[in-house]
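The data block below is model_31.csv; it holds CSV, C-alpha atoms and all ligand atoms.
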```
chain,number,residue,atom,x,y,z
A,1,MET,CA,33.4,111.2,35.4
A,2,SER,CA,34.7,114.2,33.5
A,3,GLU,CA,37.6,113.7,31.1
A,4,LEU,CA,39.9,115.6,33.4
A,5,GLY,CA,38.9,113.5,36.3
A,6,ALA,CA,39.7,110.3,34.4
A,7,THR,CA,43.0,111.8,33.3
A,8,LEU,CA,43.9,112.6,36.9
A,9,VAL,CA,43.0,109.1,38.1
A,10,ASP,CA,45.2,107.5,35.5
A,11,LEU,CA,48.0,110.0,36.2
A,12,GLN,CA,47.9,109.2,39.9
A,13,HIS,CA,48.1,105.5,39.2
A,14,ARG,CA,51.1,106.0,37.1
A,15,PHE,CA,52.7,108.3,39.7
A,16,ARG,CA,52.2,105.7,42.4
A,17,ALA,CA,53.7,102.9,40.3
A,18,ALA,CA,56.7,105.1,39.3
A,19,LEU,CA,57.3,105.8,43.0
A,20,ASP,CA,57.1,102.1,43.9
A,21,ALA,CA,59.6,101.3,41.2
A,22,ALA,CA,62.1,104.0,42.2
A,23,PRO,CA,65.2,102.3,43.6
A,24,ASP,CA,66.6,105.3,45.5
A,25,ASP,CA,66.1,108.9,46.6
A,26,ARG,CA,67.3,110.3,43.3
A,27,ALA,CA,64.9,108.2,41.2
A,28,LEU,CA,62.1,109.4,43.6
A,29,ASP,CA,63.0,113.0,42.9
A,30,ALA,CA,63.0,112.4,39.2
A,31,VAL,CA,59.5,111.1,39.4
A,32,ARG,CA,58.4,114.1,41.4
A,33,VAL,CA,59.9,116.4,38.8
A,34,GLY,CA,58.2,114.5,36.0
A,35,TYR,CA,54.8,115.0,37.5
A,36,LEU,CA,54.8,117.9,39.8
A,37,GLY,CA,57.9,119.9,38.6
A,38,ARG,CA,57.7,123.1,36.5
A,39,ASN,CA,57.2,121.2,33.3
A,40,GLY,CA,55.6,118.1,34.8
A,41,GLU,CA,52.4,116.5,33.7
A,42,VAL,CA,50.3,118.1,36.4
A,43,THR,CA,51.6,121.5,35.7
A,44,GLN,CA,50.7,121.1,32.0
A,45,LEU,CA,47.2,120.1,33.0
A,46,ARG,CA,47.0,123.2,35.1
A,47,ARG,CA,48.0,125.3,32.2
A,48,ALA,CA,45.4,123.7,30.0
A,49,ILE,CA,42.7,125.0,32.4
A,50,GLY,CA,43.0,128.3,30.6
A,51,THR,CA,41.6,126.7,27.4
A,52,LEU,CA,38.4,125.6,29.2
A,53,PRO,CA,35.1,127.6,29.2
A,54,ALA,CA,35.2,130.0,32.1
A,55,ALA,CA,32.4,128.3,33.9
A,56,GLU,CA,34.3,125.0,34.1
A,57,ARG,CA,37.6,126.4,35.3
A,58,PRO,CA,37.0,126.5,39.1
A,59,ALA,CA,35.9,122.9,39.2
A,60,ALA,CA,38.8,121.8,37.1
A,61,GLY,CA,41.2,123.8,39.3
A,62,LYS,CA,39.8,122.1,42.4
A,63,LEU,CA,40.1,118.6,40.9
A,64,ILE,CA,43.7,119.3,40.1
A,65,ASN,CA,44.5,120.7,43.5
A,66,GLU,CA,43.0,117.6,45.2
A,67,ALA,CA,45.0,115.3,43.0
A,68,VAL,CA,48.2,117.3,43.8
A,69,GLU,CA,47.5,117.0,47.5
A,70,ALA,CA,47.0,113.3,47.3
A,71,MET,CA,50.2,112.9,45.2
A,72,GLU,CA,52.2,114.9,47.7
A,73,ALA,CA,51.0,112.7,50.5
A,74,VAL,CA,52.1,109.6,48.6
A,75,LEU,CA,55.4,111.1,47.8
A,76,SER,CA,56.2,112.0,51.4
A,77,GLU,CA,55.3,108.5,52.5
A,78,ALA,CA,57.6,107.1,49.9
A,79,SER,CA,60.5,109.3,50.9
A,80,THR,CA,60.0,108.5,54.6
A,81,ARG,CA,60.3,104.8,53.6
A,82,PHE,CA,63.6,105.5,51.9
A,83,GLU,CA,65.0,107.4,54.9
A,84,ALA,CA,64.2,104.5,57.2
A,85,ARG,CA,65.8,102.2,54.7
A,86,ASP,CA,68.9,104.4,54.6
A,87,VAL,CA,69.2,104.4,58.4
A,88,GLU,CA,68.9,100.6,58.5
A,89,ARG,CA,71.6,100.3,55.8
A,90,GLU,CA,73.9,102.6,57.7
A,91,LEU,CA,73.4,100.7,61.0
A,92,ALA,CA,74.0,97.4,59.3
A,93,ARG,CA,77.2,98.8,57.9
A,94,THR,CA,78.5,100.1,61.2
A,95,VAL,CA,76.9,97.9,63.9
A,96,ASP,CA,77.2,94.1,63.8
A,97,VAL,CA,74.3,93.2,65.9
A,98,THR,CA,75.5,89.6,66.1
A,99,PHE,CA,78.7,90.7,67.9
A,100,PRO,CA,78.9,89.6,71.6
A,101,ALA,CA,78.1,92.5,73.9
A,102,ILE,CA,80.7,94.0,76.2
A,103,ALA,CA,79.4,93.9,79.8
A,104,PRO,CA,79.6,97.3,81.4
A,105,LEU,CA,82.2,97.7,84.2
A,106,THR,CA,80.2,98.1,87.4
A,107,GLY,CA,82.9,97.9,90.1
A,108,SER,CA,82.7,95.9,93.3
A,109,ILE,CA,83.7,96.1,96.9
A,110,ASN,CA,87.3,95.0,97.7
A,111,PRO,CA,87.2,91.8,99.7
A,112,VAL,CA,89.2,93.3,102.5
A,113,ARG,CA,86.7,96.1,102.9
A,114,ARG,CA,83.9,93.6,102.9
A,115,ILE,CA,85.6,91.6,105.7
A,116,VAL,CA,86.0,94.8,107.7
A,117,GLU,CA,82.4,95.7,107.2
A,118,ASP,CA,81.1,92.2,108.1
A,119,ALA,CA,83.2,92.0,111.2
A,120,CYS,CA,82.1,95.5,112.3
A,121,ALA,CA,78.4,94.5,111.6
A,122,TYR,CA,78.9,91.5,113.9
A,123,PHE,CA,80.2,93.6,116.7
A,124,ARG,CA,77.6,96.4,116.2
A,125,ARG,CA,74.9,93.8,116.5
A,126,HIS,CA,76.4,92.9,119.9
A,127,GLY,CA,76.3,96.5,121.1
A,128,PHE,CA,79.8,97.7,120.1
A,129,ALA,CA,80.4,101.1,118.5
A,130,VAL,CA,82.6,101.5,115.5
A,131,VAL,CA,85.3,104.2,115.9
A,132,ILE,CA,87.9,105.5,113.5
A,133,GLY,CA,91.2,107.1,114.4
A,134,PRO,CA,94.3,108.7,112.8
A,135,GLU,CA,96.9,106.8,110.9
A,136,ILE,CA,99.7,109.1,112.2
A,137,GLU,CA,100.1,108.8,116.0
A,138,PRO,CA,102.4,110.2,118.6
A,139,ASP,CA,104.6,107.5,120.3
A,140,TYR,CA,102.6,108.1,123.5
A,141,TYR,CA,99.4,106.6,122.1
A,142,ASN,CA,101.2,103.9,120.1
A,143,PHE,CA,103.6,102.8,122.8
A,144,ASP,CA,103.9,104.5,126.2
A,145,ALA,CA,100.2,104.4,127.1
A,146,LEU,CA,100.1,100.8,126.0
A,147,ASN,CA,102.7,99.9,128.6
A,148,ILE,CA,105.6,100.0,126.1
A,149,PRO,CA,108.2,102.5,127.6
A,150,ALA,CA,110.9,104.1,125.5
A,151,ASP,CA,113.5,101.4,126.1
A,152,HIS,CA,111.2,98.4,125.7
A,153,PRO,CA,112.3,95.8,123.1
A,154,ALA,CA,108.7,95.5,121.9
A,155,ARG,CA,109.1,98.8,120.2
A,156,GLU,CA,111.6,97.2,117.8
A,157,GLY,CA,109.1,94.4,117.1
A,158,PHE,CA,106.8,96.8,115.4
A,159,ASP,CA,109.3,97.9,112.7
A,160,SER,CA,107.6,101.2,112.4
A,161,PHE,CA,107.8,104.0,109.8
A,162,TRP,CA,108.8,107.0,111.9
A,163,LEU,CA,107.9,110.4,110.5
A,164,THR,CA,109.7,112.5,113.2
A,165,GLY,CA,111.3,111.7,116.5
A,166,THR,CA,107.9,111.2,118.1
A,167,LEU,CA,105.4,110.7,115.3
A,168,LEU,CA,104.9,107.5,113.4
A,169,LEU,CA,102.6,105.8,111.0
A,170,ARG,CA,100.7,103.5,113.4
A,171,PRO,CA,101.9,99.9,113.2
A,172,HIS,CA,98.7,98.7,114.9
A,173,THR,CA,95.2,100.0,115.7
A,174,SER,CA,95.8,99.6,119.5
A,175,PRO,CA,96.3,103.4,120.0
A,176,MET,CA,92.5,103.5,119.5
A,177,GLN,CA,92.2,101.7,122.8
A,178,ILE,CA,93.9,104.7,124.5
A,179,ARG,CA,92.1,107.3,122.5
A,180,THR,CA,88.7,105.7,123.4
A,181,MET,CA,89.6,105.2,127.1
A,182,GLN,CA,90.7,108.9,127.3
A,183,GLN,CA,87.5,110.1,125.9
A,184,TYR,CA,84.9,107.9,127.6
A,185,ARG,CA,84.3,106.1,130.9
A,186,PRO,CA,83.4,102.5,131.3
A,187,PRO,CA,81.5,100.6,130.2
A,188,ILE,CA,83.3,100.7,126.8
A,189,ALA,CA,82.6,98.5,123.8
A,190,ILE,CA,84.2,99.5,120.6
A,191,VAL,CA,85.8,98.2,117.4
A,192,ALA,CA,88.2,100.3,115.5
A,193,PRO,CA,89.1,99.2,111.9
A,194,GLY,CA,91.7,100.9,109.9
A,195,LYS,CA,95.0,101.0,108.0
A,196,CYS,CA,98.3,100.1,109.7
A,197,TYR,CA,101.9,100.3,108.4
A,198,ARG,CA,105.0,98.2,109.1
A,199,ARG,CA,108.4,98.0,107.6
A,200,ASP,CA,107.8,94.3,106.7
A,201,ALA,CA,109.1,92.6,103.6
A,202,VAL,CA,106.1,91.9,101.4
A,203,ASP,CA,105.3,88.2,100.9
A,204,ALA,CA,102.3,85.9,100.8
A,205,ARG,CA,101.3,86.8,104.3
A,206,HIS,CA,102.7,90.3,104.8
A,207,LEU,CA,102.1,93.8,103.4
A,208,PHE,CA,103.7,97.0,104.6
A,209,GLN,CA,100.3,98.7,104.5
A,210,PHE,CA,97.5,96.5,105.8
A,211,HIS,CA,94.3,96.7,107.9
A,212,GLN,CA,93.5,95.8,111.4
A,213,ILE,CA,90.3,95.6,113.4
A,214,GLU,CA,90.8,96.5,117.0
A,215,GLY,CA,88.3,95.6,119.6
A,216,LEU,CA,88.0,96.8,123.2
A,217,LEU,CA,85.5,95.9,125.9
A,218,ILE,CA,85.8,97.3,129.4
A,219,GLY,CA,83.4,97.0,132.3
A,220,GLU,CA,82.9,95.3,135.6
A,221,GLY,CA,83.4,91.5,135.7
A,222,ILE,CA,84.7,91.2,132.1
A,223,HIS,CA,86.7,88.0,131.7
A,224,PHE,CA,88.6,86.0,129.2
A,225,GLY,CA,85.6,83.8,128.5
A,226,HIS,CA,83.8,86.8,127.0
A,227,LEU,CA,86.7,87.4,124.7
A,228,LYS,CA,86.8,83.8,123.5
A,229,GLY,CA,83.1,83.8,123.0
A,230,MET,CA,83.0,87.0,121.0
A,231,LEU,CA,86.0,86.1,118.8
A,232,ALA,CA,84.8,82.5,118.1
A,233,GLY,CA,81.4,84.0,117.2
A,234,MET,CA,83.0,86.4,114.8
A,235,CYS,CA,85.0,83.6,113.1
A,236,ARG,CA,81.9,81.5,112.8
A,237,GLU,CA,80.1,84.4,111.2
A,238,LEU,CA,83.0,85.2,108.8
A,239,PHE,CA,84.1,81.7,107.9
A,240,GLY,CA,81.3,79.4,108.7
A,241,THR,CA,81.4,76.5,111.1
A,242,SER,CA,83.9,74.3,109.3
A,243,GLN,CA,86.9,76.3,110.4
A,244,SER,CA,88.2,76.0,114.0
A,245,VAL,CA,89.7,78.7,116.1
A,246,ARG,CA,92.5,78.3,118.7
A,247,PHE,CA,94.0,80.5,121.3
A,248,ARG,CA,97.7,80.2,121.9
A,249,PRO,CA,99.4,81.7,124.9
A,250,SER,CA,101.5,84.7,123.8
A,251,PHE,CA,102.8,88.0,125.1
A,252,PHE,CA,101.9,91.6,124.5
A,253,PRO,CA,102.9,94.4,126.9
A,254,PHE,CA,99.4,95.8,126.9
A,255,THR,CA,97.5,92.6,127.7
A,256,GLU,CA,97.9,90.0,130.5
A,257,PRO,CA,97.3,87.2,129.9
A,258,SER,CA,97.8,87.4,126.1
A,259,ALA,CA,96.9,85.1,123.3
A,260,GLU,CA,97.4,84.7,119.6
A,261,VAL,CA,94.4,83.6,117.8
A,262,ASP,CA,94.6,81.2,114.9
A,263,THR,CA,92.2,79.7,112.4
A,264,THR,CA,92.4,76.5,110.3
A,265,CYS,CA,94.6,77.0,107.3
A,266,PRO,CA,92.2,77.3,104.3
A,267,LYS,CA,94.7,75.7,102.0
A,268,CYS,CA,95.6,72.4,103.8
A,269,LYS,CA,92.6,72.5,106.0
A,270,GLY,CA,94.8,72.0,108.9
A,271,GLY,CA,96.3,68.8,107.5
A,272,GLY,CA,99.4,69.8,105.9
A,273,SER,CA,103.0,69.0,106.8
A,274,HIS,CA,104.2,70.6,103.5
A,275,CYS,CA,101.6,73.4,103.1
A,276,GLY,CA,103.3,76.5,101.7
A,277,MET,CA,100.6,78.8,103.2
A,278,CYS,CA,100.8,77.9,106.9
A,279,GLY,CA,104.3,76.6,106.8
A,280,GLY,CA,103.1,73.2,107.8
A,281,SER,CA,101.4,74.2,111.1
A,282,GLY,CA,97.9,73.8,109.8
A,283,TRP,CA,96.9,77.2,111.3
A,284,ILE,CA,96.8,80.8,110.1
A,285,GLU,CA,97.4,83.6,112.7
A,286,LEU,CA,94.6,86.2,112.7
A,287,GLY,CA,96.1,88.4,115.4
A,288,GLY,CA,96.6,89.1,119.1
A,289,ALA,CA,94.2,89.4,122.0
A,290,GLY,CA,94.2,89.4,125.8
A,291,MET,CA,93.0,91.0,129.0
A,292,VAL,CA,93.8,94.7,129.2
A,293,HIS,CA,96.9,95.1,131.3
A,294,PRO,CA,96.3,96.8,134.7
A,295,ASN,CA,99.1,99.3,133.9
A,296,VAL,CA,97.1,100.5,130.8
A,297,LEU,CA,93.9,100.8,132.9
A,298,ARG,CA,95.8,102.8,135.6
A,299,GLU,CA,97.3,105.1,133.0
A,300,MET,CA,93.7,105.9,132.0
A,301,ASN,CA,92.7,106.4,135.6
A,302,TYR,CA,90.5,103.3,135.5
A,303,ASP,CA,90.7,101.4,138.8
A,304,PRO,CA,91.9,97.9,137.9
A,305,GLU,CA,90.2,96.6,141.2
A,306,ILE,CA,86.9,97.6,139.7
A,307,TYR,CA,87.3,97.4,136.0
A,308,SER,CA,88.6,94.7,133.7
A,309,GLY,CA,88.5,94.3,130.0
A,310,TRP,CA,89.7,92.6,126.9
A,311,ALA,CA,91.2,93.8,123.6
A,312,PHE,CA,92.1,92.2,120.3
A,313,GLY,CA,93.7,93.3,117.1
A,314,PHE,CA,93.2,91.2,114.0
A,315,GLY,CA,94.6,91.5,110.5
A,316,ALA,CA,91.8,92.1,108.0
A,317,GLU,CA,93.9,90.6,105.2
A,318,ARG,CA,94.5,87.5,107.3
A,319,LEU,CA,90.8,87.2,107.8
A,320,GLY,CA,90.4,87.6,104.1
A,321,LEU,CA,92.8,84.6,103.4
A,322,SER,CA,90.7,82.4,105.6
A,323,ARG,CA,87.3,83.6,104.4
A,324,TYR,CA,88.1,83.4,100.7
A,325,ASP,CA,90.5,80.6,100.6
A,326,VAL,CA,93.1,82.8,99.0
A,327,ASP,CA,96.8,81.8,99.2
A,328,ASP,CA,98.5,85.2,99.0
A,329,VAL,CA,97.5,88.6,100.6
A,330,ARG,CA,99.1,90.4,97.7
A,331,ARG,CA,96.1,89.3,95.6
A,332,PHE,CA,93.9,91.7,97.5
A,333,ILE,CA,95.8,94.7,96.3
A,334,ASN,CA,97.1,93.9,92.8
A,335,SER,CA,94.0,95.1,91.0
A,336,ALA,CA,93.3,91.9,89.1
A,337,LEU,CA,89.6,92.8,88.9
A,338,ASP,CA,88.5,89.4,87.4
A,339,PHE,CA,90.0,87.7,90.4
A,340,LEU,CA,88.7,90.2,93.0
A,341,GLU,CA,85.2,90.3,91.6
A,342,GLN,CA,84.7,86.6,92.5
A,343,LEU,CA,85.4,87.2,96.1
A,344,GLN,CA,82.1,88.6,97.3
B,401,LIG,N1,98.3,95.3,118.6
B,401,LIG,C1,98.7,93.9,118.5
B,401,LIG,C2,99.4,93.7,117.2
B,401,LIG,O1,99.2,94.5,116.3
B,401,LIG,C3,97.5,93.0,118.5
B,401,LIG,C4,96.8,93.1,119.9
B,401,LIG,C5,95.7,93.9,120.0
B,401,LIG,C6,97.1,92.2,120.9
B,401,LIG,C7,95.0,94.0,121.2
B,401,LIG,C8,96.4,92.2,122.1
B,401,LIG,C9,95.4,93.1,122.2
B,401,LIG,O2,100.2,92.8,117.1
```

What's the C-alpha cells form of this structure?
Ligand code: PHE
Amino acid sequence: MSELGATLVDLQHRFRAALDAAPDDRALDAVRVGYLGRNGEVTQLRRAIGTLPAAERPAAGKLINEAVEAMEAVLSEASTRFEARDVERELARTVDVTFPAIAPLTGSINPVRRIVEDACAYFRRHGFAVVIGPEIEPDYYNFDALNIPADHPAREGFDSFWLTGTLLLRPHTSPMQIRTMQQYRPPIAIVAPGKCYRRDAVDARHLFQFHQIEGLLIGEGIHFGHLKGMLAGMCRELFGTSQSVRFRPSFFPFTEPSAEVDTTCPKCKGGGSHCGMCGGSGWIELGGAGMVHPNVLREMNYDPEIYSGWAFGFGAERLGLSRYDVDDVRRFINSALDFLEQLQ
C-alpha cells in the first residue's frame, strides 16, 4: 500500500474513534473541523498533493476523495445517532411513560333514550309504526278531541304550561292518537315517543319535562286482552321475567275501561312497607292505558260499532327506574356521566 494510503487508513481509524468518543453534537463538530475543516488533517494532505510528481497526483487525489466520502458517511451516521438520542432525552423529560393513561371520552346513549328505543323496537317488531309529533299542541288535540271538553276537571289534572289561550306544551303524548287517526284509516298500529311537560314539583318520581311512549292500536275485534298481552310483553322485554306487571282499574276521559299499569318496585322488590321509592305499595306506576273511548272514535269519524282499539301512555323515565333499578328520576338528567355510563 502506498504511504498515502496507509496514512489515510490510520486517519480514518482515528476519525472514527474520535467520533465514538464525542459526548455531544458540539464535540462531533469539533472532530469534523479537525479532520475535514479548512485546516483539518485531510485538507493538509490534499495540499501536499502539489508536492508529488505530476504522474502520481491523480491517483493520490482519488484516494483522498474516497477517504473523504467514507468519512462523511460515518459522520452523518454519528450525527443521526445523536439526533435520535436528543429526541429520546426530550421525550423522557416531557413524557412520563409510566403515568396512567387517561381514557378518551367516548360518550354513551342516555338510559331514557335507550328505553325509548328498545320499547319502540319491540312494537316495531310487532308491526307498529313509530310516529313523532309536535311538543306544542292546540287544546283541541290535547283535550277536546280526547273527550275532555273545556269545563272538564281532567284539564286541571294535567297541570299544563299554557303558551297562549289555546296553545300549550303537551302534557302527554295522547294528542298523537288524534293526529294519527285524522291522517289514516284503520287498521292503525303506532307508537309515538316524545317529550312532555307538566307543572309538577320535581322529586324522585317527577320531572317537569319528561318522556312518554304512546301506543295506539285500532281495528276490528281489538280487545283488552290484546292490550294486556302487548304491555306485559313489553315489560318482559325491558325488565326481564322477574318483575311482575299489574293492571289497576282507573279513569281517563279518552279510554273506557281504563287502567293504570304498575310494575314491581325495583327497590323493595314489592316487599316493602317502609320503601321510600314506592311509598310502601311495592309497585311503581308506569302509566295509563285502556280501550279507546267511543266518543274519541266518533270524533274521528270511526264507527265504534265496527272499530275498537286500545291506547296506552307510559312514562319513559318510570320505565327507566324499573329497568335500571335507579331510585330517583333526577339521576337520568343530572349529567353525572360516571353514573349514566353504567346504565346500558
Ligand atoms: N295520557 C295519559 C297520561 O298521560 C296516559 C294514557 C294514555 C292513558 C293512553 C290511557 C290511554 O296520563

Residue nearest Glu3 (chain A) - candidates A:Val261, A:Ile115, A:Leu163, A:Leu45, atoms counted: only C-alpha atoms =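 Using only C-alpha atoms, the shortest distance to Glu3 (chain A) belongs to A:Leu45.
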
Collect all residues with atoms no farther than 7 Å from ligand LIG 401 (chain B), counting all atoms listed in the file, and output them as a PyMOL selection string.
-> chain A and resi 171-174+214+252+254-255+258+287-290+311-314

Which residues, written as a ChimeraX atom specification, have at least one atom at most 9 Å from region 245-250 of chain A, with all atoms listed in the file counted and residues fewer than 3 positions away on the same chain left out?
-> /A:228,231-232,235-236,257-264,283,288-290

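Nearest to Gln183 (chain A) of all the residues A:Ala92, A:Ala336, A:Met300, A:Ala316 is A:Met300, based on all atoms listed in the file.
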
Among A:Glu135, A:Asp200, A:Asp144, A:Asp86, Asp159 (chain A) is approached most closely, using all atoms listed in the file, by A:Asp200

Please determine the residues with any atom at most 9 Å from (105.3, 112.6, 114.1) (coordinates as given in the file, with all atoms listed in the file counting) and report them as an MDAnalysis selection string.
-> chainID A and resid 136:139 162:169

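Residue nearest Pro111 (chain A) within the list A:His206, A:Arg199, A:His211, A:Arg32: A:His211 [criterion: smallest interatomic distance, all atoms listed in the file].
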
A:Tyr184, A:Phe161, A:Tyr140, A:Tyr35 ranked by distance to Arg14 (chain A), top pick (using all atoms listed in the file) |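 The shortest atom-to-atom distance to Arg14 (chain A) comes from A:Tyr35.
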